[in-house]
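input.cif, holding mmCIF, C-alpha atoms:
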```cif
data_target
loop_
_atom_site.group_PDB
_atom_site.id
_atom_site.type_symbol
_atom_site.label_atom_id
_atom_site.label_comp_id
_atom_site.auth_asym_id
_atom_site.auth_seq_id
_atom_site.Cartn_x
_atom_site.Cartn_y
_atom_site.Cartn_z
ATOM 1 C CA MET M 541 13.787 142.621 -45.322
ATOM 2 C CA ASP M 542 11.586 141.065 -47.996
ATOM 3 C CA ASP M 543 9.842 137.775 -47.187
ATOM 4 C CA LYS M 544 9.811 136.570 -50.799
ATOM 5 C CA ARG M 545 12.120 133.769 -51.906
ATOM 6 C CA LEU M 546 15.413 134.794 -53.484
ATOM 7 C CA ALA M 547 17.310 133.428 -56.477
ATOM 8 C CA ILE M 548 20.855 134.534 -57.294
ATOM 9 C CA VAL M 549 22.176 133.877 -60.799
ATOM 10 C CA VAL M 550 25.960 134.295 -61.048
ATOM 11 C CA GLY M 551 27.108 134.574 -64.636
ATOM 12 C CA ALA M 552 23.990 136.321 -65.876
ATOM 13 C CA GLY M 553 23.967 137.369 -69.504
ATOM 14 C CA PRO M 554 21.648 137.753 -72.489
ATOM 15 C CA GLY M 555 21.358 133.973 -73.040
ATOM 16 C CA LEU M 556 20.738 131.301 -70.408
ATOM 17 C CA GLY M 557 21.423 133.655 -67.505
ATOM 18 C CA ALA M 558 18.667 135.999 -68.602
ATOM 19 C CA ALA M 559 16.249 133.120 -69.167
ATOM 20 C CA LEU M 560 16.932 131.840 -65.646
ATOM 21 C CA ALA M 561 16.327 135.254 -64.121
ATOM 22 C CA GLN M 562 13.096 135.612 -66.064
ATOM 23 C CA ARG M 563 11.836 132.173 -64.992
ATOM 24 C CA PHE M 564 12.504 132.802 -61.309
ATOM 25 C CA ALA M 565 10.923 136.254 -61.587
ATOM 26 C CA ARG M 566 7.792 134.672 -63.075
ATOM 27 C CA ALA M 567 7.575 132.599 -59.899
ATOM 28 C CA SER M 568 7.379 135.892 -57.940
ATOM 29 C CA MET M 569 10.869 135.441 -56.535
ATOM 30 C CA ASN M 570 13.344 138.223 -55.940
ATOM 31 C CA VAL M 571 16.222 137.745 -58.363
ATOM 32 C CA VAL M 572 19.794 139.048 -58.322
ATOM 33 C CA MET M 573 21.539 138.916 -61.705
ATOM 34 C CA ALA M 574 25.274 138.989 -60.976
ATOM 35 C CA CYS M 575 28.056 139.343 -63.522
ATOM 36 C CA ARG M 576 31.348 141.184 -63.965
ATOM 37 C CA ARG M 577 29.760 143.901 -66.113
ATOM 38 C CA PRO M 578 26.199 144.433 -64.845
ATOM 39 C CA GLY M 579 25.572 147.088 -67.480
ATOM 40 C CA ARG M 580 24.970 144.193 -69.868
ATOM 41 C CA VAL M 581 21.897 143.113 -67.902
ATOM 42 C CA ASP M 582 20.585 146.352 -66.370
ATOM 43 C CA THR M 583 17.851 146.685 -68.995
ATOM 44 C CA LEU M 584 16.880 143.027 -68.650
ATOM 45 C CA ALA M 585 16.697 143.346 -64.863
ATOM 46 C CA ALA M 586 14.330 146.296 -65.172
ATOM 47 C CA GLU M 587 12.190 144.433 -67.697
ATOM 48 C CA PHE M 588 11.965 141.279 -65.580
ATOM 49 C CA SER M 589 10.965 143.271 -62.492
ATOM 50 C CA GLY M 590 7.602 143.779 -64.164
ATOM 51 C CA ILE M 591 7.104 140.014 -64.376
ATOM 52 C CA GLY M 592 7.803 138.936 -60.832
ATOM 53 C CA HIS M 593 8.625 140.628 -57.559
ATOM 54 C CA GLY M 594 11.948 142.359 -58.135
ATOM 55 C CA VAL M 595 15.088 141.820 -60.204
ATOM 56 C CA SER M 596 18.397 143.529 -59.472
ATOM 57 C CA SER M 597 21.722 143.518 -61.281
ATOM 58 C CA ARG M 598 24.966 143.498 -59.309
ATOM 59 C CA ALA M 599 28.647 143.477 -60.175
ATOM 60 C CA CYS M 600 30.514 140.356 -59.081
ATOM 61 C CA ASP M 601 33.838 138.844 -60.086
ATOM 62 C CA ALA M 602 33.203 135.178 -59.335
ATOM 63 C CA CYS M 603 36.953 134.521 -59.076
ATOM 64 C CA ASP M 604 37.470 137.156 -56.385
ATOM 65 C CA GLU M 605 36.660 135.976 -52.866
ATOM 66 C CA GLY M 606 35.883 139.451 -51.542
ATOM 67 C CA SER M 607 33.619 140.250 -54.485
ATOM 68 C CA VAL M 608 31.621 137.039 -53.980
ATOM 69 C CA GLN M 609 31.280 137.649 -50.250
ATOM 70 C CA ALA M 610 30.131 141.223 -50.917
ATOM 71 C CA LEU M 611 27.460 139.939 -53.324
ATOM 72 C CA PHE M 612 25.974 137.622 -50.715
ATOM 73 C CA GLU M 613 26.187 140.223 -47.954
ATOM 74 C CA TRP M 614 24.360 142.769 -50.139
ATOM 75 C CA SER M 615 21.711 140.219 -51.164
ATOM 76 C CA GLU M 616 21.091 139.027 -47.602
ATOM 77 C CA GLU M 617 20.709 142.559 -46.266
ATOM 78 C CA ARG M 618 17.956 143.268 -48.774
ATOM 79 C CA PHE M 619 16.254 139.944 -49.377
ATOM 80 C CA GLY M 620 17.463 137.459 -46.766
ATOM 81 C CA ALA M 621 19.254 134.188 -47.415
ATOM 82 C CA PRO M 622 18.914 132.820 -50.965
ATOM 83 C CA ASP M 623 16.655 129.887 -51.740
ATOM 84 C CA VAL M 624 18.312 129.169 -55.109
ATOM 85 C CA VAL M 625 21.819 129.972 -56.320
ATOM 86 C CA VAL M 626 22.877 129.183 -59.881
ATOM 87 C CA TYR M 627 26.509 129.243 -60.961
ATOM 88 C CA ASN M 628 26.373 129.889 -64.688
ATOM 89 C CA ALA M 629 29.765 131.542 -65.269
ATOM 90 C CA GLY M 630 32.286 130.044 -67.649
ATOM 91 C CA ALA M 631 35.199 130.816 -69.932
ATOM 92 C CA PHE M 632 36.435 128.999 -73.002
ATOM 93 C CA VAL M 633 39.195 129.619 -75.497
ATOM 94 C CA GLN M 634 39.549 126.867 -78.087
ATOM 95 C CA ARG M 635 43.266 126.457 -78.594
ATOM 96 C CA ALA M 636 45.895 123.881 -79.493
ATOM 97 C CA LEU M 637 47.795 122.674 -76.453
ATOM 98 C CA LEU M 638 51.166 124.027 -77.594
ATOM 99 C CA GLU M 639 49.618 127.445 -78.257
ATOM 100 C CA THR M 640 48.023 127.763 -74.823
ATOM 101 C CA SER M 641 49.695 130.064 -72.311
ATOM 102 C CA ALA M 642 49.742 129.299 -68.607
ATOM 103 C CA ASP M 643 47.848 132.525 -67.863
ATOM 104 C CA GLU M 644 45.101 131.651 -70.334
ATOM 105 C CA PHE M 645 44.736 128.132 -68.977
ATOM 106 C CA GLU M 646 44.578 129.369 -65.387
ATOM 107 C CA ARG M 647 42.022 132.083 -66.208
ATOM 108 C CA CYS M 648 39.668 129.561 -67.809
ATOM 109 C CA TRP M 649 40.074 127.189 -64.861
ATOM 110 C CA ARG M 650 39.469 129.947 -62.311
ATOM 111 C CA ILE M 651 36.225 131.054 -63.955
ATOM 112 C CA GLY M 652 35.080 127.512 -64.742
ATOM 113 C CA CYS M 653 35.877 125.918 -61.381
ATOM 114 C CA MET M 654 37.343 128.211 -58.721
ATOM 115 C CA GLY M 655 34.439 130.621 -59.048
ATOM 116 C CA GLY M 656 32.041 127.727 -58.570
ATOM 117 C CA PHE M 657 33.754 126.890 -55.290
ATOM 118 C CA LEU M 658 33.643 130.472 -53.993
ATOM 119 C CA VAL M 659 29.999 130.976 -54.939
ATOM 120 C CA GLY M 660 28.970 127.526 -53.702
ATOM 121 C CA ARG M 661 30.708 128.004 -50.360
ATOM 122 C CA GLU M 662 29.050 131.360 -49.715
ATOM 123 C CA ALA M 663 25.688 130.005 -50.827
ATOM 124 C CA ALA M 664 26.016 127.033 -48.470
ATOM 125 C CA ARG M 665 27.070 129.271 -45.603
ATOM 126 C CA SER M 666 24.112 131.563 -46.131
ATOM 127 C CA MET M 667 21.591 128.737 -46.529
ATOM 128 C CA SER M 668 22.826 126.854 -43.470
ATOM 129 C CA GLN M 669 22.701 129.943 -41.234
ATOM 130 C CA ARG M 670 19.405 131.403 -42.403
ATOM 131 C CA SER M 671 17.154 133.001 -39.815
ATOM 132 C CA ASP M 672 13.923 133.422 -41.800
ATOM 133 C CA GLY M 673 12.271 130.198 -40.670
ATOM 134 C CA ARG M 674 12.870 128.370 -43.943
ATOM 135 C CA SER M 675 15.532 125.708 -44.253
ATOM 136 C CA GLY M 676 17.945 124.597 -46.926
ATOM 137 C CA GLY M 677 17.948 125.676 -50.540
ATOM 138 C CA ALA M 678 19.263 124.647 -53.933
ATOM 139 C CA ILE M 679 22.685 125.258 -55.496
ATOM 140 C CA LEU M 680 22.778 124.535 -59.220
ATOM 141 C CA TYR M 681 25.840 124.361 -61.469
ATOM 142 C CA THR M 682 25.891 124.713 -65.242
ATOM 143 C CA GLY M 683 28.029 122.036 -66.863
ATOM 144 C CA ALA M 684 28.699 121.107 -70.475
ATOM 145 C CA THR M 685 29.558 118.215 -72.754
ATOM 146 C CA ALA M 686 33.131 118.936 -71.673
ATOM 147 C CA SER M 687 32.166 118.031 -68.082
ATOM 148 C CA LEU M 688 32.181 114.393 -69.202
ATOM 149 C CA ARG M 689 34.894 114.190 -71.860
ATOM 150 C CA GLY M 690 37.789 116.270 -73.084
ATOM 151 C CA SER M 691 38.219 116.826 -76.810
ATOM 152 C CA ALA M 692 41.197 118.028 -78.822
ATOM 153 C CA GLY M 693 41.597 121.770 -78.419
ATOM 154 C CA PHE M 694 39.049 121.915 -75.586
ATOM 155 C CA HIS M 695 41.363 121.494 -72.571
ATOM 156 C CA ASN M 696 40.709 125.107 -71.468
ATOM 157 C CA LEU M 697 37.040 124.211 -71.044
ATOM 158 C CA ALA M 698 37.178 120.562 -70.007
ATOM 159 C CA VAL M 699 39.548 120.910 -67.058
ATOM 160 C CA GLY M 700 37.386 123.530 -65.358
ATOM 161 C CA LYS M 701 34.145 121.697 -66.131
ATOM 162 C CA PHE M 702 35.523 118.366 -64.885
ATOM 163 C CA GLY M 703 36.465 120.089 -61.634
ATOM 164 C CA LEU M 704 33.089 121.797 -61.312
ATOM 165 C CA ARG M 705 31.322 118.470 -61.670
ATOM 166 C CA ALA M 706 33.508 116.926 -58.947
ATOM 167 C CA LEU M 707 32.813 119.914 -56.713
ATOM 168 C CA ALA M 708 29.053 119.506 -57.190
ATOM 169 C CA GLN M 709 29.224 115.800 -56.330
ATOM 170 C CA SER M 710 31.224 116.417 -53.161
ATOM 171 C CA MET M 711 28.993 119.271 -52.067
ATOM 172 C CA ALA M 712 25.836 117.229 -52.683
ATOM 173 C CA ARG M 713 27.067 114.476 -50.366
ATOM 174 C CA GLU M 714 28.148 116.896 -47.665
ATOM 175 C CA LEU M 715 25.260 119.363 -47.770
ATOM 176 C CA GLY M 716 22.336 117.080 -48.590
ATOM 177 C CA PRO M 717 21.839 116.035 -44.943
ATOM 178 C CA GLN M 718 21.555 119.754 -44.105
ATOM 179 C CA GLY M 719 18.667 120.139 -46.535
ATOM 180 C CA ILE M 720 20.718 121.839 -49.249
ATOM 181 C CA HIS M 721 20.136 120.379 -52.695
ATOM 182 C CA VAL M 722 23.223 120.549 -54.943
ATOM 183 C CA ALA M 723 22.806 119.585 -58.589
ATOM 184 C CA HIS M 724 24.922 119.685 -61.748
ATOM 185 C CA VAL M 725 23.336 120.214 -65.170
ATOM 186 C CA VAL M 726 25.140 118.905 -68.257
ATOM 187 C CA ILE M 727 24.247 121.096 -71.233
ATOM 188 C CA ASP M 728 25.067 118.700 -74.071
ATOM 189 C CA GLY M 729 24.848 121.006 -77.068
ATOM 190 C CA ARG M 730 24.912 124.665 -78.089
ATOM 191 C CA ILE M 731 22.509 127.139 -76.545
ATOM 192 C CA ARG M 732 20.666 129.612 -78.718
ATOM 193 C CA ALA M 733 22.061 132.995 -77.726
ATOM 194 C CA PRO M 734 22.577 136.290 -79.558
ATOM 195 C CA ALA M 735 26.247 135.518 -80.190
ATOM 196 C CA VAL M 736 25.422 132.105 -81.669
ATOM 197 C CA VAL M 737 22.750 133.551 -83.952
ATOM 198 C CA GLU M 738 25.105 136.316 -85.082
ATOM 199 C CA GLN M 739 27.637 133.666 -86.109
ATOM 200 C CA GLY M 740 25.081 132.192 -88.477
ATOM 201 C CA SER M 741 24.609 129.104 -86.315
ATOM 202 C CA ASP M 742 20.871 129.535 -85.875
ATOM 203 C CA ASP M 743 19.923 125.932 -86.701
ATOM 204 C CA SER M 744 16.763 125.615 -84.620
ATOM 205 C CA ALA M 745 16.804 121.836 -84.460
ATOM 206 C CA ARG M 746 20.351 121.712 -83.118
ATOM 207 C CA LEU M 747 20.219 124.494 -80.531
ATOM 208 C CA LEU M 748 18.898 124.307 -76.986
ATOM 209 C CA GLU M 749 16.335 127.002 -76.239
ATOM 210 C CA PRO M 750 17.317 129.090 -73.157
ATOM 211 C CA ASP M 751 13.727 129.250 -71.893
ATOM 212 C CA ASP M 752 13.396 125.463 -72.037
ATOM 213 C CA ILE M 753 16.651 125.004 -70.149
ATOM 214 C CA ALA M 754 15.537 127.559 -67.560
ATOM 215 C CA GLU M 755 12.306 125.636 -66.996
ATOM 216 C CA ALA M 756 14.339 122.490 -66.285
ATOM 217 C CA TYR M 757 16.469 124.412 -63.761
ATOM 218 C CA PHE M 758 13.365 125.782 -62.060
ATOM 219 C CA GLN M 759 11.811 122.342 -61.712
ATOM 220 C CA LEU M 760 15.127 121.003 -60.431
ATOM 221 C CA ALA M 761 15.293 123.706 -57.773
ATOM 222 C CA MET M 762 11.714 122.970 -56.676
ATOM 223 C CA GLN M 763 12.138 119.194 -56.287
ATOM 224 C CA PRO M 764 10.904 117.670 -53.012
ATOM 225 C CA ARG M 765 13.621 116.289 -50.745
ATOM 226 C CA SER M 766 12.389 112.731 -51.118
ATOM 227 C CA ALA M 767 13.387 112.695 -54.809
ATOM 228 C CA TRP M 768 16.374 114.934 -55.524
ATOM 229 C CA THR M 769 18.317 114.842 -58.789
ATOM 230 C CA GLN M 770 22.078 115.265 -58.440
ATOM 231 C CA GLU M 771 22.877 115.372 -62.152
ATOM 232 C CA LEU M 772 20.639 116.222 -65.078
ATOM 233 C CA ASP M 773 21.636 116.170 -68.739
ATOM 234 C CA LEU M 774 19.878 118.261 -71.380
ATOM 235 C CA ARG M 775 20.285 118.097 -75.157
ATOM 236 C CA PRO M 776 18.245 118.763 -78.309
ATOM 237 C CA TRP M 777 16.522 115.721 -79.749
ATOM 238 C CA VAL M 778 18.897 115.578 -82.751
ATOM 239 C CA GLU M 779 22.062 115.475 -80.622
ATOM 240 C CA ARG M 780 24.112 112.278 -80.704
ATOM 241 C CA PHE M 781 25.104 110.826 -77.349
#
```
Could you rewrite the structure in this file as structure tokens?
Amino acid sequence: MDDKRLAIVVGAGPGLGAALAQRFARASMNVVMACRRPGRVDTLAAEFSGIGHGVSSRACDACDEGSVQALFEWSEERFGAPDVVVYNAGAFVQRALLETSADEFERCWRIGCMGGFLVGREAARSMSQRSDGRSGGAILYTGATASLRGSAGFHNLAVGKFGLRALAQSMARELGPQGIHVAHVVIDGRIRAPAVVEQGSDDSARLLEPDDIAEAYFQLAMQPRSAWTQELDLRPWVERF
């Protein structure tokens, strides 16, 4: 078993997820990039391994209890209990209320909120039962503007994000005394990602840079226990709020 610290990023992709993995790798941490289709990040994982200690990609359906448990079992066997777990998965279909099917609504909620519960529970279990001499850890959740207010046509996103924020608050109060830092990050704006650039939305002033967000997450995860942040909001300087 490796004695390096471990970060698990659930919902890894070519945008923020990749930036998070890269930042933790630069800190010489082992990193597991987990997503439903790991082929999307295999090349990135290999590239980031040259930066830090080791980066792996693993398949994980965050909405499937057995899949989440298997991810943590695999990670613990190889690297020990995680020091940082980031839940970065999400789903959003902008739709008018009367055009939204029950299946679509439930799918978005399950990825946005239920997955956060399953991943957070397994992370807490692993961190609280660790046997490597270290204690605690950090569980970080990616939120959005929709975590704070619902807009017309955004119910598929807002309901899950509202629930994820409530989950993070409850977990922080329960797990804090055990040395587990739980924090929720409100991303108030659009993140620069390949898909956004391809849509012609590459307005530098109005997009959050993934690397800058990842640095904020890293600093959040490294905070001393005497001054923990439970909720952090990030936005570009031109954003209205």
Close residues, Asp623 (chain M) itself excluded, 6 Å, only C-alpha atoms, min 3 positions apart in chain, as a PyMOL selection string: chain M and resi 545-547+677
Would you export the selected residues with C-alpha atoms as a short mmCIF file (atom, residue, chain, number, x, y, z; two decimals), in the frame of the given file, please?
```cif
data_model
loop_
_atom_site.label_atom_id
_atom_site.label_comp_id
_atom_site.auth_asym_id
_atom_site.auth_seq_id
_atom_site.Cartn_x
_atom_site.Cartn_y
_atom_site.Cartn_z
CA ARG M 545 12.12 133.77 -51.91
CA LEU M 546 15.41 134.79 -53.48
CA ALA M 547 17.31 133.43 -56.48
CA GLY M 677 17.95 125.68 -50.54
#
```
Which residues of region 617-670 of chain M come within 12 Å of region 567-574 of chain M, and what is each one's closest atom pair and distance in Å (one decimal), counting all atoms listed in the file, sorted by chain and residue number, as CSV?
```
residue,atom,partner,partner_atom,distance
M:Arg618,CA,M:Asn570,CA,9.9
M:Phe619,CA,M:Asn570,CA,7.4
M:Gly620,CA,M:Asn570,CA,10.1
M:Ala621,CA,M:Asn570,CA,11.1
M:Pro622,CA,M:Asn570,CA,9.2
M:Asp623,CA,M:Met569,CA,9.3
M:Val624,CA,M:Val571,CA,9.4
M:Val625,CA,M:Val572,CA,9.5
M:Val626,CA,M:Met573,CA,10.0
M:Tyr627,CA,M:Ala574,CA,9.8
M:Asn628,CA,M:Ala574,CA,9.9
M:Ala629,CA,M:Ala574,CA,9.7
M:Val659,CA,M:Ala574,CA,11.1
```
The PyMOL selection byres ((chain M and resi 753) around 9) applied to the shown file, residues as a count of residues only: 16
Evaluate the PyMOL selection byres ((chain M and resi 653) around 12) against this structure - the residues, as a PDB file with C-alpha atoms, keeping the file's coordinate frame, please.
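Just written: result_35.pdb:
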```pdb
ATOM      1  CA  ALA M 602      33.203 135.178 -59.335  1.00  0.00           C
ATOM      2  CA  CYS M 603      36.953 134.521 -59.076  1.00  0.00           C
ATOM      3  CA  TYR M 627      26.509 129.243 -60.961  1.00  0.00           C
ATOM      4  CA  ASN M 628      26.373 129.889 -64.688  1.00  0.00           C
ATOM      5  CA  ALA M 629      29.765 131.542 -65.269  1.00  0.00           C
ATOM      6  CA  GLY M 630      32.286 130.044 -67.649  1.00  0.00           C
ATOM      7  CA  ALA M 631      35.199 130.816 -69.932  1.00  0.00           C
ATOM      8  CA  PHE M 645      44.736 128.132 -68.977  1.00  0.00           C
ATOM      9  CA  GLU M 646      44.578 129.369 -65.387  1.00  0.00           C
ATOM     10  CA  ARG M 647      42.022 132.083 -66.208  1.00  0.00           C
ATOM     11  CA  CYS M 648      39.668 129.561 -67.809  1.00  0.00           C
ATOM     12  CA  TRP M 649      40.074 127.189 -64.861  1.00  0.00           C
ATOM     13  CA  ARG M 650      39.469 129.947 -62.311  1.00  0.00           C
ATOM     14  CA  ILE M 651      36.225 131.054 -63.955  1.00  0.00           C
ATOM     15  CA  GLY M 652      35.080 127.512 -64.742  1.00  0.00           C
ATOM     16  CA  MET M 654      37.343 128.211 -58.721  1.00  0.00           C
ATOM     17  CA  GLY M 655      34.439 130.621 -59.048  1.00  0.00           C
ATOM     18  CA  GLY M 656      32.041 127.727 -58.570  1.00  0.00           C
ATOM     19  CA  PHE M 657      33.754 126.890 -55.290  1.00  0.00           C
ATOM     20  CA  LEU M 658      33.643 130.472 -53.993  1.00  0.00           C
ATOM     21  CA  VAL M 659      29.999 130.976 -54.939  1.00  0.00           C
ATOM     22  CA  GLY M 660      28.970 127.526 -53.702  1.00  0.00           C
ATOM     23  CA  TYR M 681      25.840 124.361 -61.469  1.00  0.00           C
ATOM     24  CA  THR M 682      25.891 124.713 -65.242  1.00  0.00           C
ATOM     25  CA  GLY M 683      28.029 122.036 -66.863  1.00  0.00           C
ATOM     26  CA  SER M 687      32.166 118.031 -68.082  1.00  0.00           C
ATOM     27  CA  ASN M 696      40.709 125.107 -71.468  1.00  0.00           C
ATOM     28  CA  LEU M 697      37.040 124.211 -71.044  1.00  0.00           C
ATOM     29  CA  ALA M 698      37.178 120.562 -70.007  1.00  0.00           C
ATOM     30  CA  VAL M 699      39.548 120.910 -67.058  1.00  0.00           C
ATOM     31  CA  GLY M 700      37.386 123.530 -65.358  1.00  0.00           C
ATOM     32  CA  LYS M 701      34.145 121.697 -66.131  1.00  0.00           C
ATOM     33  CA  PHE M 702      35.523 118.366 -64.885  1.00  0.00           C
ATOM     34  CA  GLY M 703      36.465 120.089 -61.634  1.00  0.00           C
ATOM     35  CA  LEU M 704      33.089 121.797 -61.312  1.00  0.00           C
ATOM     36  CA  ARG M 705      31.322 118.470 -61.670  1.00  0.00           C
ATOM     37  CA  ALA M 706      33.508 116.926 -58.947  1.00  0.00           C
ATOM     38  CA  LEU M 707      32.813 119.914 -56.713  1.00  0.00           C
ATOM     39  CA  ALA M 708      29.053 119.506 -57.190  1.00  0.00           C
TER      40      ALA M 708
END
```
Two-atom distance - CA of Ile720 (chain M), CA of Phe612 (chain M) (Å): 16.7 Å
Nearest candidate to Arg689 (chain M) (options M:Ser675, M:Gln759, M:Phe781, M:Arg577; using all atoms listed in the file): M:Phe781
Shortest interatomic distance to Ser589 (chain M) - which of M:Arg566, M:Arg576, M:Arg780, M:Arg713, counting all atoms listed in the file: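 Once distances to Ser589 (chain M) are computed over all atoms listed in the file, the minimum belongs to M:Arg566.
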Point (46.8, 124.6, -81.2) neighbourhood (12 Å, only C-alpha atoms) written as a list in words: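 Every polymer residue passing the test: Val633, Gln634, Arg635, Ala636, Leu637, Leu638, Glu639, Thr640, Ser641, Ala692, Gly693, Phe694, His695 and Asn696 of chain M.
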Selection result for the PyMOL selection byres ((chain M and resi 767-772) around 8) on this file, as a ChimeraX atom specification: /M:709,712,721-726,760,763-766,773-774
Coordinates-based distance that separates CA of Val549 (chain M) from CA of Leu680 (chain M) (Å, one decimal):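 Going from CA of Leu680 (chain M) over to CA of Val549 (chain M) covers 9.5 Å.
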